[in-house]
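Student: The structure under discussion is supplied below as structure tokens; questions concerning it will follow.
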Amino acid sequence: MTPGCKRNAMPQGAPVTRSAGCGPVMILHAARIMAALRGDQRGSIAVEFALVAPVLMVVLAGVIDIGSAAYVRHSLDTRVTAAAEYALMRDKLTFQGDADKLATELLGLLQGGASETVEVAVNNTARVKWSESGSTTSTGPGDADAHYCIGSDGEIAWNLAVDDDTSCASGGVAGQFVQISASARHVSIFPGYAFSDEGTVGASAVLRLN
């Protein structure tokens with residue numbers, strides 16, 4: 001019973017009633033409780049954290065995921081660039097042994113972690129590939145001293161050998177080329193962003209020997 005409200009003395013068996021002033025007292029008491037609750041800040045931080053925490057966890061997971069992919073991409077880019085610069089210091093090829101040696105040397109510069117795959121094609125005559133399953137070496141159909149053109153799509157026309165310094169339809173000049181590629185597996189929490197393509201991160205380069 002609310003303080004300040006008293007039961008009237010009634011004969012036994014008669015219904016119990018309240019004094020006329022009991023209703024306003026109950027309303028006043030409820031208003032005081034509501035005012036006290038509005039001013040009570042205990043537990044508000046925990047409630048706010050519970051609301052914000054899922055968003056923060058998603059953002060943190062995205063930062064870690066993208067950062068990991070960016071690190072792998074940077075590592076591949078660094079090695080591909082180093083291998084390309086090394087190849088650019090080499091002279092034009094004359095013998096098959098020169099192409100085989102260059103391909104093996106470039107492969108050594110590119111090798112990395114177990115989840116990676118690296119490939120080198122030297123002028124369509126020497127090809128090497130390394131992955132976690134091992135390394136393979138093959139000889140292409142071209143000649144070590146052959147020359148090729150790059151098409152308008154940026155691809156080398158390996159199927160057509162031309163004379164040295166021949167003008168190509170794409171506007172360039174024929175030469176001897178090296179293709180380098182490196183890729184690594186990357187299982188993303190958020191697939192489809194720019195760093196990752198179907199679960200892999202890669203880097204590649206095409207260069208013309210001097």
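Labels used: A, B, ... for chains in the order of the structure tokens, numbers from 1 for residues in each chain, and numbers from 1 for ligands as shown.
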Give me, as a list in words, all polymer residues having an atom no more than 9 Å from Arg79 in chain A, counting only C-alpha atoms and skipping those fewer than 5 positions away in the same chain.
Tutor: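 My list of contacting residues is His74, Ala84, Leu109, Leu110, Gln111, Gly112 and Ala182 of chain A.
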Student: As a list in words, please: every residue in range 76-151 of chain A that a backbone DSSP assignment puts in helix (DSSP H, G or I).
Tutor: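 Result set for range 76-151 of chain A (helix (DSSP H, G or I)): Leu76, Asp77, Thr78, Arg79, Val80, Thr81, Ala82, Ala83, Ala84, Glu85, Tyr86, Ala87, Leu88, Gln96, Gly97, Asp98, Ala99, Asp100, Lys101, Leu102, Ala103, Thr104, Glu105, Leu106, Leu107, Gly108, Leu109 and Leu110 of chain A.
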Student: Restricting the calculation to only C-alpha atoms: of A:Leu106, A:Val122, A:Ala70, A:Leu76, which residue gets closest to Ala203 in chain A?
Tutor: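 Using only C-alpha atoms, Ala203 in chain A sits closest to A:Leu76.
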Student: Check which residues of range 22-114 of chain A sit at most 12 Å from range 172-176 of chain A using only C-alpha atoms, and return one row each with the closest pair of atoms and their distance in Å to one decimal, ordered by chain and rising number, as JSON lines.
Tutor:
```
{"residue": "A:Ala87", "atom": "CA", "partner": "A:Gln176", "partner_atom": "CA", "distance": 11.3}
{"residue": "A:Leu88", "atom": "CA", "partner": "A:Gln176", "partner_atom": "CA", "distance": 11.0}
{"residue": "A:Arg90", "atom": "CA", "partner": "A:Gln176", "partner_atom": "CA", "distance": 11.3}
{"residue": "A:Asp91", "atom": "CA", "partner": "A:Gln176", "partner_atom": "CA", "distance": 10.0}
{"residue": "A:Lys92", "atom": "CA", "partner": "A:Gln176", "partner_atom": "CA", "distance": 7.0}
{"residue": "A:Leu93", "atom": "CA", "partner": "A:Gln176", "partner_atom": "CA", "distance": 7.6}
{"residue": "A:Thr94", "atom": "CA", "partner": "A:Gln176", "partner_atom": "CA", "distance": 10.4}
{"residue": "A:Ala99", "atom": "CA", "partner": "A:Gln176", "partner_atom": "CA", "distance": 10.6}
```
Student: Residues near Glu119 in chain A, anyone? I mean within 9 Å using only C-alpha atoms, not counting same-chain ones fewer than 4 positions away, as a compact mmCIF listing (two decimals) with C-alpha atoms, in the first residue's frame.
Tutor:
```txt
# COMPACT_ATOMS: atom_id res chain seq x y z
CA LEU A 107 62.96 -18.04 -60.57
CA LEU A 110 60.93 -14.86 -57.12
CA ARG A 127 59.79 -21.72 -69.09
CA VAL A 128 60.08 -22.46 -65.40
CA LYS A 129 57.42 -22.72 -62.71
CA TRP A 130 57.66 -23.16 -58.96
CA SER A 131 54.89 -23.96 -56.49
CA GLN A 179 57.16 -12.66 -68.72
CA ILE A 180 57.16 -12.87 -64.93
CA SER A 181 54.23 -13.67 -62.66
CA ALA A 182 53.82 -14.47 -58.99
```
Student: For Ala184 in chain A, which of A:Leu209, A:Val63, A:Ile33, A:Val118 is the closest residue, counting only C-alpha atoms?
Tutor: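 Looking only at the distances to Ala184 in chain A, the closest residue turns out to be A:Val118.
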Student: Residues of range 6-204 of chain A in strand (DSSP E or B) according to DSSP, as a short mmCIF file (atom, residue, chain, number, x, y, z; two decimals) with C-alpha atoms, in the first residue's frame?
Tutor:
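The result, written out as result_39.cif:
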```cif
data_model
loop_
_atom_site.label_atom_id
_atom_site.label_comp_id
_atom_site.auth_asym_id
_atom_site.auth_seq_id
_atom_site.Cartn_x
_atom_site.Cartn_y
_atom_site.Cartn_z
CA ARG A 7 -7.87 2.08 4.89
CA ARG A 18 -9.13 4.27 -0.14
CA GLU A 116 52.90 -19.03 -53.65
CA THR A 117 53.25 -19.89 -57.33
CA VAL A 118 55.81 -18.19 -59.58
CA GLU A 119 56.33 -18.53 -63.33
CA VAL A 120 58.95 -17.23 -65.75
CA ALA A 121 58.82 -17.38 -69.56
CA VAL A 122 61.97 -16.28 -71.37
CA ALA A 126 62.56 -21.38 -71.65
CA ARG A 127 59.79 -21.72 -69.09
CA VAL A 128 60.08 -22.46 -65.40
CA LYS A 129 57.42 -22.72 -62.71
CA TRP A 130 57.66 -23.16 -58.96
CA SER A 131 54.89 -23.96 -56.49
CA GLY A 134 57.74 -28.51 -56.72
CA SER A 135 59.40 -26.88 -59.72
CA THR A 136 59.06 -27.66 -63.42
CA THR A 137 61.18 -26.68 -66.40
CA SER A 138 60.13 -26.84 -70.04
CA THR A 139 61.38 -25.68 -73.42
CA HIS A 147 61.95 -11.66 -81.77
CA TYR A 148 58.26 -11.00 -81.19
CA ILE A 150 53.35 -7.08 -78.39
CA ILE A 156 53.04 -11.00 -76.63
CA VAL A 162 59.65 -11.64 -86.71
CA SER A 167 57.83 -2.36 -86.50
CA VAL A 173 59.23 -2.53 -82.05
CA GLY A 175 62.24 -7.63 -79.46
CA PHE A 177 60.67 -10.55 -74.02
CA VAL A 178 60.42 -12.01 -70.55
CA GLN A 179 57.16 -12.66 -68.72
CA ILE A 180 57.16 -12.87 -64.93
CA SER A 181 54.23 -13.67 -62.66
CA ALA A 182 53.82 -14.47 -58.99
CA SER A 183 50.69 -15.24 -57.01
CA ALA A 184 49.78 -16.30 -53.47
CA ARG A 185 46.64 -17.75 -51.92
CA ASP A 197 40.82 -12.05 -57.12
CA THR A 200 44.58 -15.13 -54.79
CA VAL A 201 46.79 -12.05 -54.78
CA GLY A 202 49.18 -11.61 -57.70
CA ALA A 203 51.75 -9.46 -59.45
CA SER A 204 53.21 -9.70 -62.94
#
```
Student: Would you work out the distance separating CA of Asn123 in chain A from CA of Leu207 in chain A, expressed in Å to one decimal?
Tutor: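 Distance reported for this atom pair: 10.2 Å.
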Student: Quote the spacing between CA of Glu155 in chain A and CA of Ala82 in chain A in Å to one decimal place.
Tutor: 21.6 Å
